[in-house]
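Colleague: One file is attached below, model-v1.cif, containing mmCIF, C-alpha atoms and all ligand atoms.
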```
data_model
#
loop_
_atom_site.label_atom_id
_atom_site.label_comp_id
_atom_site.auth_asym_id
_atom_site.auth_seq_id
_atom_site.Cartn_x
_atom_site.Cartn_y
_atom_site.Cartn_z
CA MET Y 6 -25.77 150.08 -33.51
CA LEU Y 7 -22.48 149.17 -31.84
CA THR Y 8 -22.84 146.99 -28.74
CA LYS Y 9 -20.99 149.45 -26.52
CA THR Y 10 -23.26 152.32 -27.63
CA ARG Y 11 -26.36 150.25 -26.97
CA GLN Y 12 -25.11 149.26 -23.52
CA ASN Y 13 -24.37 152.89 -22.65
CA LEU Y 14 -27.80 154.00 -23.80
CA ILE Y 15 -29.52 151.25 -21.81
CA ALA Y 16 -27.61 152.27 -18.66
CA GLN Y 17 -28.53 155.93 -19.21
CA ILE Y 18 -32.20 155.16 -19.76
CA ARG Y 19 -32.31 152.89 -16.72
CA GLY Y 20 -30.90 155.79 -14.70
CA TYR Y 21 -33.47 158.25 -16.04
CA LEU Y 22 -36.36 155.90 -15.26
CA ALA Y 23 -35.04 155.17 -11.76
CA ASN Y 24 -34.47 158.83 -10.93
CA GLY Y 25 -37.41 160.32 -12.79
CA THR Y 26 -35.26 162.48 -15.01
CA THR Y 27 -33.96 162.84 -18.57
CA ALA Y 28 -30.90 164.00 -20.53
CA MET Y 29 -30.10 167.60 -19.62
CA SER Y 30 -28.04 170.27 -21.31
CA ASP Y 31 -25.83 172.55 -19.24
CA ALA Y 32 -27.99 175.62 -19.60
CA VAL Y 33 -31.37 176.90 -20.70
CA PHE Y 34 -31.20 178.09 -24.33
CA THR Y 35 -33.11 181.09 -25.62
CA ASN Y 36 -33.74 181.63 -29.32
CA PRO Y 37 -35.14 184.81 -30.90
CA VAL Y 38 -38.59 184.25 -32.38
CA ALA Y 39 -37.16 185.87 -35.51
CA ALA Y 40 -35.42 182.54 -36.16
CA TYR Y 41 -38.88 181.26 -37.10
CA ALA Y 42 -40.46 184.42 -38.47
CA SER Y 43 -37.85 186.58 -40.19
CA SER Y 44 -37.70 186.72 -43.99
CA ALA Y 45 -34.02 187.69 -43.86
CA ARG Y 46 -33.24 184.63 -41.79
CA LEU Y 47 -35.18 182.40 -44.19
CA GLN Y 48 -33.25 183.80 -47.16
CA LEU Y 49 -29.98 183.06 -45.41
CA GLU Y 50 -31.13 179.51 -44.64
CA LYS Y 51 -32.21 178.92 -48.23
CA GLN Y 52 -28.95 180.23 -49.65
CA THR Y 53 -26.75 178.38 -47.18
CA LEU Y 54 -28.33 175.26 -45.69
CA PHE Y 55 -30.38 174.21 -48.70
CA ARG Y 56 -27.61 174.84 -51.26
CA ASP Y 57 -24.26 174.14 -49.63
CA TYR Y 58 -25.03 171.30 -47.21
CA PRO Y 59 -25.67 167.63 -47.99
CA ILE Y 60 -29.43 167.11 -48.13
CA LEU Y 61 -30.67 163.56 -47.66
CA MET Y 62 -32.56 162.89 -50.89
CA ALA Y 63 -33.53 159.24 -50.86
CA MET Y 64 -32.56 155.74 -49.84
CA SER Y 65 -30.59 153.70 -52.35
CA CYS Y 66 -33.54 151.36 -52.90
CA GLN Y 67 -35.39 154.18 -54.66
CA LEU Y 68 -32.74 154.18 -57.38
CA ALA Y 69 -31.87 150.50 -57.44
CA ASN Y 70 -31.35 149.80 -61.14
CA PRO Y 71 -29.52 151.40 -64.08
CA GLY Y 72 -31.68 154.10 -65.62
CA ASP Y 73 -33.70 154.68 -62.42
CA TYR Y 74 -34.14 158.37 -61.79
CA LEU Y 75 -35.69 160.68 -59.24
CA THR Y 76 -36.45 164.40 -59.49
CA GLU Y 77 -37.12 166.87 -56.71
CA ASP Y 78 -37.12 170.61 -56.20
CA PHE Y 79 -37.98 170.93 -52.51
CA SER Y 80 -34.56 172.42 -51.75
CA GLY Y 81 -35.34 175.29 -54.12
CA THR Y 82 -33.08 173.89 -56.85
CA PRO Y 83 -34.48 171.44 -59.42
CA LEU Y 84 -32.49 168.22 -58.98
CA LEU Y 85 -32.23 165.00 -60.95
CA LEU Y 86 -30.58 161.83 -59.61
CA VAL Y 87 -29.82 159.02 -62.03
CA ARG Y 88 -28.42 155.50 -61.57
CA GLN Y 89 -25.79 154.97 -64.26
CA LYS Y 90 -25.19 151.80 -66.25
CA ASN Y 91 -22.08 151.05 -64.14
CA GLY Y 92 -24.11 151.34 -60.92
CA ASP Y 93 -22.82 154.76 -59.88
CA LEU Y 94 -25.25 157.46 -58.92
CA SER Y 95 -25.09 160.87 -60.62
CA GLY Y 96 -26.78 164.13 -59.78
CA PHE Y 97 -27.65 167.02 -62.08
CA ILE Y 98 -29.50 170.27 -62.07
CA ASN Y 99 -32.79 169.28 -63.71
CA ALA Y 100 -32.73 172.08 -66.26
CA CYS Y 101 -32.18 171.80 -69.99
CA ALA Y 102 -29.09 173.61 -71.26
CA HIS Y 103 -31.19 175.14 -74.05
CA ARG Y 104 -33.75 177.23 -72.17
CA GLY Y 105 -34.08 175.58 -68.80
CA ALA Y 106 -37.06 173.20 -68.96
CA PRO Y 107 -36.82 170.25 -66.55
CA VAL Y 108 -35.71 167.29 -68.66
CA ALA Y 109 -37.24 164.68 -66.32
CA GLN Y 110 -40.39 164.61 -64.23
CA GLY Y 111 -41.27 162.61 -61.13
CA THR Y 112 -39.54 159.25 -60.78
CA GLY Y 113 -39.11 156.33 -63.13
CA THR Y 114 -36.71 154.39 -65.31
CA ARG Y 115 -35.24 155.76 -68.51
CA GLY Y 116 -32.68 153.44 -69.99
CA SER Y 117 -32.21 155.58 -73.05
CA GLY Y 118 -31.68 158.95 -71.36
CA PHE Y 119 -33.88 162.03 -71.26
CA THR Y 120 -35.68 164.08 -73.87
CA CYS Y 121 -36.54 167.65 -72.98
CA PRO Y 122 -40.30 168.26 -73.24
CA TYR Y 123 -39.84 171.75 -74.76
CA HIS Y 124 -37.81 171.33 -77.99
CA ALA Y 125 -36.73 167.69 -77.57
CA TRP Y 126 -33.02 168.11 -76.93
CA GLY Y 127 -31.79 164.66 -75.89
CA TYR Y 128 -29.44 163.82 -73.01
CA GLU Y 129 -27.61 160.62 -72.09
CA LEU Y 130 -28.04 159.15 -68.60
CA ASN Y 131 -24.64 160.66 -67.81
CA GLY Y 132 -25.92 164.14 -68.66
CA ARG Y 133 -24.11 164.46 -72.00
CA LEU Y 134 -26.05 166.31 -74.71
CA ARG Y 135 -26.85 163.68 -77.35
CA ASN Y 136 -28.91 165.39 -80.01
CA ILE Y 137 -30.41 168.72 -81.00
CA PRO Y 138 -33.39 168.65 -83.35
CA GLY Y 139 -32.99 171.39 -85.99
CA GLU Y 140 -29.29 171.35 -85.28
CA GLU Y 141 -28.46 173.93 -87.95
CA GLY Y 142 -29.95 176.58 -85.65
CA PHE Y 143 -27.16 175.92 -83.14
CA ASN Y 144 -24.18 175.31 -85.43
CA SER Y 145 -21.82 177.54 -83.45
CA ILE Y 146 -22.19 175.93 -80.03
CA ASP Y 147 -19.89 173.32 -78.53
CA ARG Y 148 -22.04 170.43 -77.33
CA ASN Y 149 -19.54 169.68 -74.59
CA ASP Y 150 -20.59 172.93 -72.94
CA TYR Y 151 -24.24 171.96 -73.09
CA GLY Y 152 -24.58 168.90 -70.89
CA LEU Y 153 -26.71 168.79 -67.74
CA LYS Y 154 -24.92 170.57 -64.93
CA PRO Y 155 -23.59 168.04 -62.37
CA ILE Y 156 -24.02 168.35 -58.62
CA PRO Y 157 -22.21 166.38 -55.90
CA VAL Y 158 -24.01 163.18 -54.87
CA ILE Y 159 -22.97 160.87 -52.06
CA GLU Y 160 -24.23 157.31 -51.59
CA LYS Y 161 -23.33 155.38 -48.47
CA TYR Y 162 -25.01 153.07 -45.95
CA GLY Y 163 -28.00 152.72 -48.28
CA MET Y 164 -28.60 156.49 -48.16
CA VAL Y 165 -28.28 159.17 -50.82
CA TRP Y 166 -27.33 162.79 -50.24
CA ALA Y 167 -26.99 165.61 -52.75
CA ILE Y 168 -25.52 169.08 -52.48
CA PRO Y 169 -27.80 171.27 -54.57
CA ASN Y 170 -25.09 173.84 -55.35
CA PRO Y 171 -23.38 173.03 -58.66
CA ALA Y 172 -20.38 175.12 -57.56
CA LYS Y 173 -19.04 172.12 -55.71
CA ASN Y 174 -16.32 173.89 -53.77
CA ALA Y 175 -19.06 175.68 -51.86
CA ALA Y 176 -19.60 172.47 -49.88
CA PRO Y 177 -18.80 172.83 -46.18
CA VAL Y 178 -17.01 169.47 -46.07
CA ASP Y 179 -14.77 167.75 -48.57
CA ILE Y 180 -17.66 165.99 -50.11
CA ASP Y 181 -15.53 164.34 -52.75
CA ILE Y 182 -16.94 162.41 -51.11
CA ASP Y 183 -16.46 162.00 -47.43
CA ILE Y 184 -19.86 161.89 -45.80
CA ASP Y 185 -18.20 160.15 -42.86
CA THR Y 186 -16.55 163.41 -41.85
CA TYR Y 187 -19.97 164.94 -41.85
CA LEU Y 188 -21.58 162.13 -39.84
CA GLY Y 189 -18.72 161.90 -37.35
CA ASP Y 190 -19.22 159.05 -34.89
CA LEU Y 191 -22.61 158.35 -36.42
CA ALA Y 192 -20.78 156.87 -39.44
CA PRO Y 193 -19.91 153.54 -37.75
CA GLU Y 194 -23.42 153.47 -36.31
CA TYR Y 195 -25.01 153.78 -39.76
CA ALA Y 196 -22.47 151.28 -41.09
CA SER Y 197 -23.81 148.77 -38.56
CA TYR Y 198 -27.36 149.04 -39.94
CA GLU Y 199 -28.43 147.38 -43.14
CA PHE Y 200 -30.53 150.06 -44.71
CA SER Y 201 -29.39 149.23 -48.24
CA GLY Y 202 -31.72 146.21 -48.03
CA TYR Y 203 -34.79 148.31 -47.14
CA HIS Y 204 -37.71 148.96 -49.49
CA HIS Y 205 -39.49 152.23 -50.19
CA PHE Y 206 -43.16 151.92 -49.29
CA ALA Y 207 -44.53 155.42 -49.93
CA THR Y 208 -43.84 159.13 -49.76
CA GLN Y 209 -46.43 161.71 -48.68
CA ILE Y 210 -46.15 165.48 -48.56
CA LEU Y 211 -47.79 167.83 -46.08
CA GLU Y 212 -47.85 171.62 -46.49
CA PRO Y 213 -48.24 173.04 -43.00
CA LYS Y 214 -48.28 176.76 -42.32
CA ILE Y 215 -45.30 176.63 -40.01
CA ASN Y 216 -41.64 177.50 -40.29
CA TRP Y 217 -39.73 174.44 -41.56
CA LYS Y 218 -37.66 174.28 -38.37
CA MET Y 219 -40.75 173.89 -36.25
CA GLY Y 220 -41.35 170.66 -38.16
CA VAL Y 221 -37.96 169.41 -36.93
CA ASP Y 222 -38.52 170.78 -33.41
CA GLY Y 223 -41.61 168.59 -33.00
CA PHE Y 224 -39.40 165.49 -32.90
CA LEU Y 225 -36.73 166.86 -30.61
CA GLU Y 226 -38.14 166.46 -27.14
CA SER Y 227 -40.25 163.91 -25.31
CA TYR Y 228 -41.43 166.57 -22.86
CA HIS Y 229 -44.70 167.19 -24.73
CA LEU Y 230 -45.82 163.60 -25.28
CA SER Y 231 -48.21 163.12 -22.35
CA VAL Y 232 -49.72 166.59 -22.74
CA LEU Y 233 -50.21 166.94 -26.50
CA HIS Y 234 -50.60 163.25 -27.37
CA PRO Y 235 -52.48 161.70 -24.40
CA LYS Y 236 -54.33 159.14 -26.54
CA THR Y 237 -51.94 158.46 -29.42
CA VAL Y 238 -48.25 158.50 -28.45
CA SER Y 239 -48.38 158.80 -24.68
CA PRO Y 240 -49.77 155.30 -23.98
CA LEU Y 241 -46.67 153.89 -25.69
CA TYR Y 242 -43.82 156.25 -24.68
CA PHE Y 243 -42.49 157.83 -21.52
CA SER Y 244 -42.67 161.60 -21.40
CA ASN Y 245 -39.62 163.65 -20.53
CA ARG Y 246 -37.35 160.59 -20.58
CA SER Y 247 -34.91 160.46 -23.48
CA THR Y 248 -31.21 160.43 -24.27
CA ALA Y 249 -29.45 163.14 -26.29
CA ASP Y 250 -26.08 162.98 -28.02
CA GLY Y 251 -24.62 165.40 -30.56
CA PHE Y 252 -22.37 164.31 -33.45
CA GLY Y 253 -21.08 167.51 -34.98
CA LEU Y 254 -24.11 169.19 -36.49
CA ASN Y 255 -26.09 165.93 -36.31
CA HIS Y 256 -27.81 164.42 -33.31
CA ARG Y 257 -29.26 161.22 -31.86
CA MET Y 258 -32.12 161.13 -29.41
CA VAL Y 259 -33.57 157.89 -28.07
CA ALA Y 260 -37.19 157.98 -26.96
CA VAL Y 261 -38.24 155.28 -24.53
CA ARG Y 262 -41.20 152.97 -24.89
CA LYS Y 263 -43.06 152.02 -21.73
CA SER Y 264 -42.22 148.38 -22.47
CA PHE Y 265 -38.58 149.24 -21.66
CA ALA Y 266 -39.44 149.26 -17.95
CA LYS Y 267 -41.01 145.81 -18.18
CA ALA Y 268 -38.02 144.08 -19.75
CA ASN Y 269 -36.55 141.37 -17.55
CA ASP Y 270 -32.89 142.26 -17.76
CA ASP Y 271 -30.17 144.04 -19.73
CA ALA Y 272 -29.69 141.02 -21.94
CA GLU Y 273 -33.27 141.32 -23.14
CA LEU Y 274 -32.93 145.08 -23.64
CA GLU Y 275 -29.74 144.60 -25.63
CA ARG Y 276 -31.29 141.97 -27.82
CA ASP Y 277 -34.56 143.86 -28.36
CA PHE Y 278 -33.33 147.43 -28.01
CA LEU Y 279 -35.43 148.66 -30.92
CA LEU Y 280 -38.58 147.01 -29.58
CA HIS Y 281 -38.35 149.19 -26.49
CA THR Y 282 -37.12 152.48 -27.97
CA ASN Y 283 -37.37 154.77 -30.93
CA ILE Y 284 -34.14 156.23 -32.33
CA LEU Y 285 -34.48 159.72 -33.74
CA TYR Y 286 -31.50 161.01 -35.70
CA THR Y 287 -31.39 164.63 -36.75
CA LEU Y 288 -29.39 164.68 -39.97
CA PHE Y 289 -28.45 168.31 -40.39
CA PRO Y 290 -29.93 170.49 -41.65
CA ASN Y 291 -33.50 169.32 -42.28
CA THR Y 292 -34.00 165.59 -41.80
CA MET Y 293 -35.47 163.52 -39.01
CA PHE Y 294 -34.42 159.93 -39.57
CA VAL Y 295 -36.63 157.86 -37.31
CA TYR Y 296 -35.61 154.24 -36.84
CA GLN Y 297 -38.48 152.24 -35.35
CA ARG Y 298 -38.70 148.59 -34.49
CA ASP Y 299 -40.14 147.41 -37.78
CA HIS Y 300 -39.65 150.29 -40.22
CA LEU Y 301 -37.95 153.56 -41.06
CA GLU Y 302 -39.64 156.93 -41.29
CA ILE Y 303 -37.74 159.77 -42.88
CA TRP Y 304 -39.25 163.20 -42.38
CA ARG Y 305 -37.63 165.99 -44.40
CA MET Y 306 -38.61 169.59 -43.76
CA PHE Y 307 -38.17 172.32 -46.39
CA PRO Y 308 -39.07 175.98 -46.62
CA ASP Y 309 -41.90 176.49 -49.11
CA GLY Y 310 -41.23 179.67 -51.09
CA ASP Y 311 -40.22 182.91 -49.41
CA GLU Y 312 -42.70 182.89 -46.53
CA PRO Y 313 -41.11 181.94 -43.19
CA SER Y 314 -44.48 180.46 -42.18
CA ARG Y 315 -44.79 177.99 -45.07
CA SER Y 316 -43.13 174.63 -45.31
CA LYS Y 317 -43.23 171.24 -46.90
CA MET Y 318 -42.92 168.10 -44.75
CA VAL Y 319 -42.00 165.10 -46.83
CA LEU Y 320 -42.55 161.74 -45.13
CA SER Y 321 -41.07 158.62 -46.69
CA MET Y 322 -41.67 155.22 -45.18
CA TYR Y 323 -39.42 152.20 -45.71
CA THR Y 324 -39.82 148.58 -44.68
CA PRO Y 325 -37.20 145.87 -44.20
CA GLU Y 326 -39.17 143.47 -46.43
CA PRO Y 327 -40.86 144.26 -49.74
CA VAL Y 328 -44.61 144.78 -49.33
CA THR Y 329 -46.11 142.13 -51.58
CA SER Y 330 -49.33 140.86 -50.01
CA GLU Y 331 -52.60 142.74 -49.74
CA SER Y 332 -52.64 142.43 -45.97
CA ALA Y 333 -49.11 143.85 -45.72
CA GLN Y 334 -50.15 146.68 -48.03
CA ARG Y 335 -53.11 147.46 -45.75
CA HIS Y 336 -50.95 147.20 -42.65
CA TRP Y 337 -48.39 149.73 -43.91
CA GLU Y 338 -51.02 152.05 -45.36
CA ASN Y 339 -52.64 152.15 -41.92
CA ASN Y 340 -49.27 152.75 -40.32
CA LEU Y 341 -48.51 155.64 -42.65
CA ARG Y 342 -51.99 157.12 -42.17
CA LEU Y 343 -51.63 156.93 -38.41
CA ALA Y 344 -48.26 158.70 -38.45
CA LEU Y 345 -49.61 161.48 -40.69
CA ASP Y 346 -52.88 161.83 -38.82
CA THR Y 347 -51.18 162.16 -35.43
CA VAL Y 348 -48.71 164.75 -36.68
CA GLU Y 349 -51.37 166.67 -38.61
CA ALA Y 350 -54.14 166.59 -36.01
CA GLU Y 351 -51.99 167.16 -32.97
CA ASP Y 352 -48.53 168.65 -33.70
CA LEU Y 353 -49.30 170.72 -36.78
CA MET Y 354 -52.67 171.95 -35.62
CA LEU Y 355 -50.94 173.50 -32.60
CA GLY Y 356 -47.84 174.43 -34.61
CA GLU Y 357 -49.84 176.63 -36.98
CA LYS Y 358 -51.26 178.55 -34.02
CA ILE Y 359 -47.79 178.95 -32.54
CA GLN Y 360 -46.47 180.21 -35.89
CA ARG Y 361 -49.25 182.81 -36.09
CA GLY Y 362 -48.19 184.01 -32.66
CA TYR Y 363 -44.56 184.23 -33.79
CA GLN Y 364 -45.56 186.25 -36.87
CA SER Y 365 -47.50 188.69 -34.69
CA GLY Y 366 -44.37 189.84 -32.92
CA ALA Y 367 -46.04 189.23 -29.56
CA GLN Y 368 -43.06 187.32 -28.21
CA ALA Y 369 -39.36 188.15 -28.51
CA PHE Y 370 -37.82 184.77 -27.85
CA VAL Y 371 -38.57 181.13 -27.09
CA THR Y 372 -36.89 179.03 -24.44
CA TYR Y 373 -35.60 175.47 -24.69
CA GLY Y 374 -35.31 173.92 -21.25
CA ARG Y 375 -32.32 171.93 -20.03
CA ASN Y 376 -34.57 168.90 -20.47
CA GLU Y 377 -34.85 169.74 -24.21
CA PRO Y 378 -31.18 169.34 -25.13
CA ALA Y 379 -31.83 168.12 -28.69
CA LEU Y 380 -33.63 171.38 -29.46
CA ALA Y 381 -30.72 173.40 -28.12
CA HIS Y 382 -28.29 171.30 -30.16
CA PHE Y 383 -30.30 171.75 -33.36
CA HIS Y 384 -30.60 175.51 -33.04
CA ALA Y 385 -27.00 175.95 -31.92
CA SER Y 386 -25.96 173.92 -35.00
CA LEU Y 387 -28.06 176.18 -37.22
CA ASP Y 388 -26.51 179.28 -35.67
CA LYS Y 389 -23.08 177.81 -36.25
CA ALA Y 390 -23.74 176.89 -39.87
CA LEU Y 391 -25.30 180.25 -40.58
CA SER Y 392 -22.90 182.21 -38.38
CA VAL Y 393 -26.03 184.15 -37.60
CA LYS Y 394 -24.51 186.50 -35.14
CA ASP Y 395 -21.70 187.57 -37.49
CA LYS Y 396 -23.53 187.60 -40.76
CA ILE Y 397 -26.82 189.26 -40.21
CA GLU Y 398 -28.79 191.10 -37.65
CA ILE Y 399 -32.01 189.21 -37.55
CA LYS Y 400 -35.04 191.38 -37.13
CA GLN Y 401 -38.66 190.45 -37.03
CA GLY Y 402 -40.53 190.68 -40.35
S1 LIG Z 501 -35.66 174.02 -73.25
FE1 LIG Z 501 -35.05 171.97 -73.53
S2 LIG Z 501 -35.07 171.70 -75.63
FE2 LIG Z 501 -35.58 173.77 -75.41
FE FE Z 502 -45.55 165.53 -31.10
#
```
Please re-express this file's structure in structure tokens.
Modeller:
Amino acid sequence: MLTKTRQNLIAQIRGYLANGTTAMSDAVFTNPVAAYASSARLQLEKQTLFRDYPILMAMSCQLANPGDYLTEDFSGTPLLLVRQKNGDLSGFINACAHRGAPVAQGTGTRGSGFTCPYHAWGYELNGRLRNIPGEEGFNSIDRNDYGLKPIPVIEKYGMVWAIPNPAKNAAPVDIDIDIDTYLGDLAPEYASYEFSGYHHFATQILEPKINWKMGVDGFLESYHLSVLHPKTVSPLYFSNRSTADGFGLNHRMVAVRKSFAKANDDAELERDFLLHTNILYTLFPNTMFVYQRDHLEIWRMFPDGDEPSRSKMVLSMYTPEPVTSESAQRHWENNLRLALDTVEAEDLMLGEKIQRGYQSGAQAFVTYGRNEPALAHFHASLDKALSVKDKIEIKQG
């Protein structure tokens, strides 16, 4: 983080603690419950946000070496990322040009390319079709038309984004390949971190019965901490005390640890800023990038199928050092378990009840207070990206 930014944040937080307040937006924001419960809205989100926008897929460390690959279809499109021999990263639709079988599964390393599990068509790492068993059956086709379909991939600051839509000009920014435009003033902030040296510890997937956006919402205010998390989070963090800054469609919120108030002076806070805070970046549209004092948690929320009340929450944890000893392994496993248990037992347990209420049509709208500015920013960004008001009349059901 840039020194000036850190100093500004420290001054803001000091002010909030002294005055018993928090970052405020200009006005209360109301959002129709249909945003969480309408099938039409979900379809629009799937077609727009999860196809045309850069989706954070991984950190570079997950694809460190030539031949390393990663597959994923959470966005609704089967994707394959591959580290090339020259170190570049490529992205493809993970579907064989013959009859559509995924050519790669899971993650791994494949120095010699991919062989489709259906009829064994072979592809190079760069997606080029290499061989067709029983070739005489396909003598009229031009192999050049039968490679894996490329998608735009961006790698910067140790992070990897993909745009699932193979029709590249559908991208909302000139992604060839300017992620900095997309990040705005967060770009120099990410440039100041050294995430390319981080190590992937583990990824876990939850399947809560909530709208995917509610998964994001859970991170976007500190108002609920003392009420919903009295024993887990609240002993460590102040409630209703956090900063909020928008960067285009993206956002940064800083939650404040109680230790912040015990620091001796600004010099100590500047030096140990991360020891006393928790930085929560919303990377539009679906990612919470949580930078904690000794690790990174990346929570990615996706719709699961066509039900507005189903989602997948994908948590990946990264550490600055490789986890090599048994005690470190145990430490990080406990850390991961604790994060999942708290979210599952407290946030999601309540979230599923809230979602059932939304589905019932009992309530027309929800309200984000002025003290919940990150929520307002997130939902205003969604409305902007979806042009909800122009494009579709959202109705319940
Ligand atoms: S679907 Fe891949 S070889 Fe037939
Ligand atoms: Fe929570």
Colleague: For the point (-28.6, 152.6, -23.0) in file coordinates, what residues are within 12 Å, counting only C-alpha atoms? Give the answer as an MDAnalysis selection string?
Modeller: chainID Y and resid 6:22 28 247:250 258:261 265 271:272 274:279 281:282 284
Colleague: What does the distance between atom CA of Y:Cys121 and atom S2 of ligand LIG 501 (chain Z) come to in Å, to one decimal place?
Modeller: 5.1 Å
Colleague: Neighbouring residues of ligand FE 502 (chain Z) are defined here as those with any atom at most 9 Å from a ligand atom, counting only C-alpha atoms and all ligand atoms; list them as a count of residues only.
Modeller: 15
Colleague: Could you report the residues within 9 Å of ligand LIG 501 (chain Z), using only C-alpha atoms and all ligand atoms, as a list in words?
Modeller: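 Counting only what the definition allows, namely only C-alpha atoms and all ligand atoms, the set is Ala100, Cys101, Ala102, His103, Arg104, Gly105, Ala106, Pro107, Val108, Thr120, Cys121, Pro122, Tyr123, His124, Ala125, Trp126, Gly127, Ile137 and Pro138 of chain Y.
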Colleague: Taking all atoms listed in the file into account, which of Y:Thr292, Y:Gln360, Y:Asn269, Y:Gln67 comes nearest Y:Pro213?
Modeller: Y:Gln360
Colleague: Please give the centre and size of the box around stretch 258-267 of chain Y (axis-aligned, containing every atom listed in the file, 3 Å added per side), with values in Å to one decimal and written as lines of an AutoDock Vina configuration file.
Modeller:
```
center_x = -37.6
center_y = 153.5
center_z = -23.7
size_x = 16.9
size_y = 21.3
size_z = 17.5
```
Colleague: For atom CA of Y:Pro59 and atom CA of Y:Asn255, determine how far apart the two atoms are, in Å to one decimal place.
Modeller: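 Computing it gives 11.8 Å between the two atoms.
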Colleague: Which distance in Å separates atom CA of Y:Gly220 and atom CA of Y:Tyr323, to one decimal?
Modeller: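 One can read the atom CA of Y:Gly220 to atom CA of Y:Tyr323 distance as 20.0 Å.
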Colleague: Could you check which residues have any atom within 10 Å of (-34.8, 145.9, -42.1), counting all atoms listed in the file with coordinates taken straight from the file, and then list them as a list of chain:residue names?
Modeller: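 Collected hits near the coordinates: Y:Tyr198, Y:Glu199, Y:Phe200, Y:Ser201, Y:Gly202, Y:Tyr203, Y:His204, Y:Tyr296, Y:Gln297, Y:Arg298, Y:Asp299, Y:His300, Y:Leu301, Y:Tyr323, Y:Thr324, Y:Pro325, Y:Glu326, Y:Pro327.
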Colleague: For a quick check of understanding, using all atoms listed in the file, which of Y:Ser314, Y:Ser330, Y:Arg262, Y:Leu254 has the smallest distance to Y:Ala385?
Modeller: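 Using all atoms listed in the file, Y:Ala385 sits closest to Y:Leu254.
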Colleague: Would you list the contacts of Y:Leu75 as an MDAnalysis selection string, taking every protein, DNA or RNA residue within 6 Å and counting only C-alpha atoms, but skipping same-chain residues closer than 6 positions in sequence?
Modeller: chainID Y and resid 85:86 112
Colleague: Counting all atoms listed in the file, what is within 8 Å of Y:Arg56, bar same-chain residues fewer than 6 positions away, as a PyMOL selection string?
Modeller: chain Y and resi 80+82+168-170
Colleague: Just need stretch 112-122 of chain Y in a file, please: N, CA, C and O atoms, as a PDB file, in the first residue's frame.
Modeller:
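Output saved as out-v9.pdb:
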```pdb
ATOM      1  N   THR Y 112      -6.638 -29.832 -11.807  1.00  0.00           N
ATOM      2  CA  THR Y 112      -5.409 -29.058 -11.998  1.00  0.00           C
ATOM      3  C   THR Y 112      -4.258 -30.032 -12.159  1.00  0.00           C
ATOM      4  O   THR Y 112      -4.387 -31.214 -11.830  1.00  0.00           O
ATOM      5  N   GLY Y 113      -3.133 -29.565 -12.661  1.00  0.00           N
ATOM      6  CA  GLY Y 113      -1.985 -30.451 -12.774  1.00  0.00           C
ATOM      7  C   GLY Y 113      -0.945 -29.875 -13.702  1.00  0.00           C
ATOM      8  O   GLY Y 113      -0.941 -28.668 -13.987  1.00  0.00           O
ATOM      9  N   THR Y 114      -0.068 -30.749 -14.176  1.00  0.00           N
ATOM     10  CA  THR Y 114       0.983 -30.347 -15.103  1.00  0.00           C
ATOM     11  C   THR Y 114       0.970 -31.315 -16.274  1.00  0.00           C
ATOM     12  O   THR Y 114       0.916 -32.526 -16.078  1.00  0.00           O
ATOM     13  N   ARG Y 115       0.976 -30.769 -17.469  1.00  0.00           N
ATOM     14  CA  ARG Y 115       0.879 -31.592 -18.666  1.00  0.00           C
ATOM     15  C   ARG Y 115       1.837 -31.025 -19.693  1.00  0.00           C
ATOM     16  O   ARG Y 115       1.452 -30.201 -20.504  1.00  0.00           O
ATOM     17  N   GLY Y 116       3.083 -31.420 -19.603  1.00  0.00           N
ATOM     18  CA  GLY Y 116       4.085 -30.870 -20.508  1.00  0.00           C
ATOM     19  C   GLY Y 116       3.809 -31.175 -21.964  1.00  0.00           C
ATOM     20  O   GLY Y 116       4.185 -30.410 -22.859  1.00  0.00           O
ATOM     21  N   SER Y 117       3.122 -32.290 -22.207  1.00  0.00           N
ATOM     22  CA  SER Y 117       2.959 -32.715 -23.595  1.00  0.00           C
ATOM     23  C   SER Y 117       1.595 -32.352 -24.165  1.00  0.00           C
ATOM     24  O   SER Y 117       1.203 -32.873 -25.211  1.00  0.00           O
ATOM     25  N   GLY Y 118       0.844 -31.508 -23.517  1.00  0.00           N
ATOM     26  CA  GLY Y 118      -0.459 -31.114 -24.052  1.00  0.00           C
ATOM     27  C   GLY Y 118      -1.576 -31.994 -23.510  1.00  0.00           C
ATOM     28  O   GLY Y 118      -1.399 -32.707 -22.527  1.00  0.00           O
ATOM     29  N   PHE Y 119      -2.729 -31.931 -24.158  1.00  0.00           N
ATOM     30  CA  PHE Y 119      -3.941 -32.558 -23.625  1.00  0.00           C
ATOM     31  C   PHE Y 119      -4.510 -33.579 -24.601  1.00  0.00           C
ATOM     32  O   PHE Y 119      -4.499 -33.370 -25.806  1.00  0.00           O
ATOM     33  N   THR Y 120      -5.009 -34.673 -24.043  1.00  0.00           N
ATOM     34  CA  THR Y 120      -5.675 -35.675 -24.871  1.00  0.00           C
ATOM     35  C   THR Y 120      -7.116 -35.781 -24.422  1.00  0.00           C
ATOM     36  O   THR Y 120      -7.392 -36.001 -23.231  1.00  0.00           O
ATOM     37  N   CYS Y 121      -8.029 -35.587 -25.354  1.00  0.00           N
ATOM     38  CA  CYS Y 121      -9.452 -35.617 -24.997  1.00  0.00           C
ATOM     39  C   CYS Y 121      -9.841 -37.018 -24.540  1.00  0.00           C
ATOM     40  O   CYS Y 121      -9.473 -38.014 -25.167  1.00  0.00           O
ATOM     41  N   PRO Y 122     -10.592 -37.112 -23.424  1.00  0.00           N
ATOM     42  CA  PRO Y 122     -10.929 -38.434 -22.889  1.00  0.00           C
ATOM     43  C   PRO Y 122     -12.007 -39.173 -23.703  1.00  0.00           C
ATOM     44  O   PRO Y 122     -12.290 -40.337 -23.420  1.00  0.00           O
TER      45      PRO Y 122
END
```
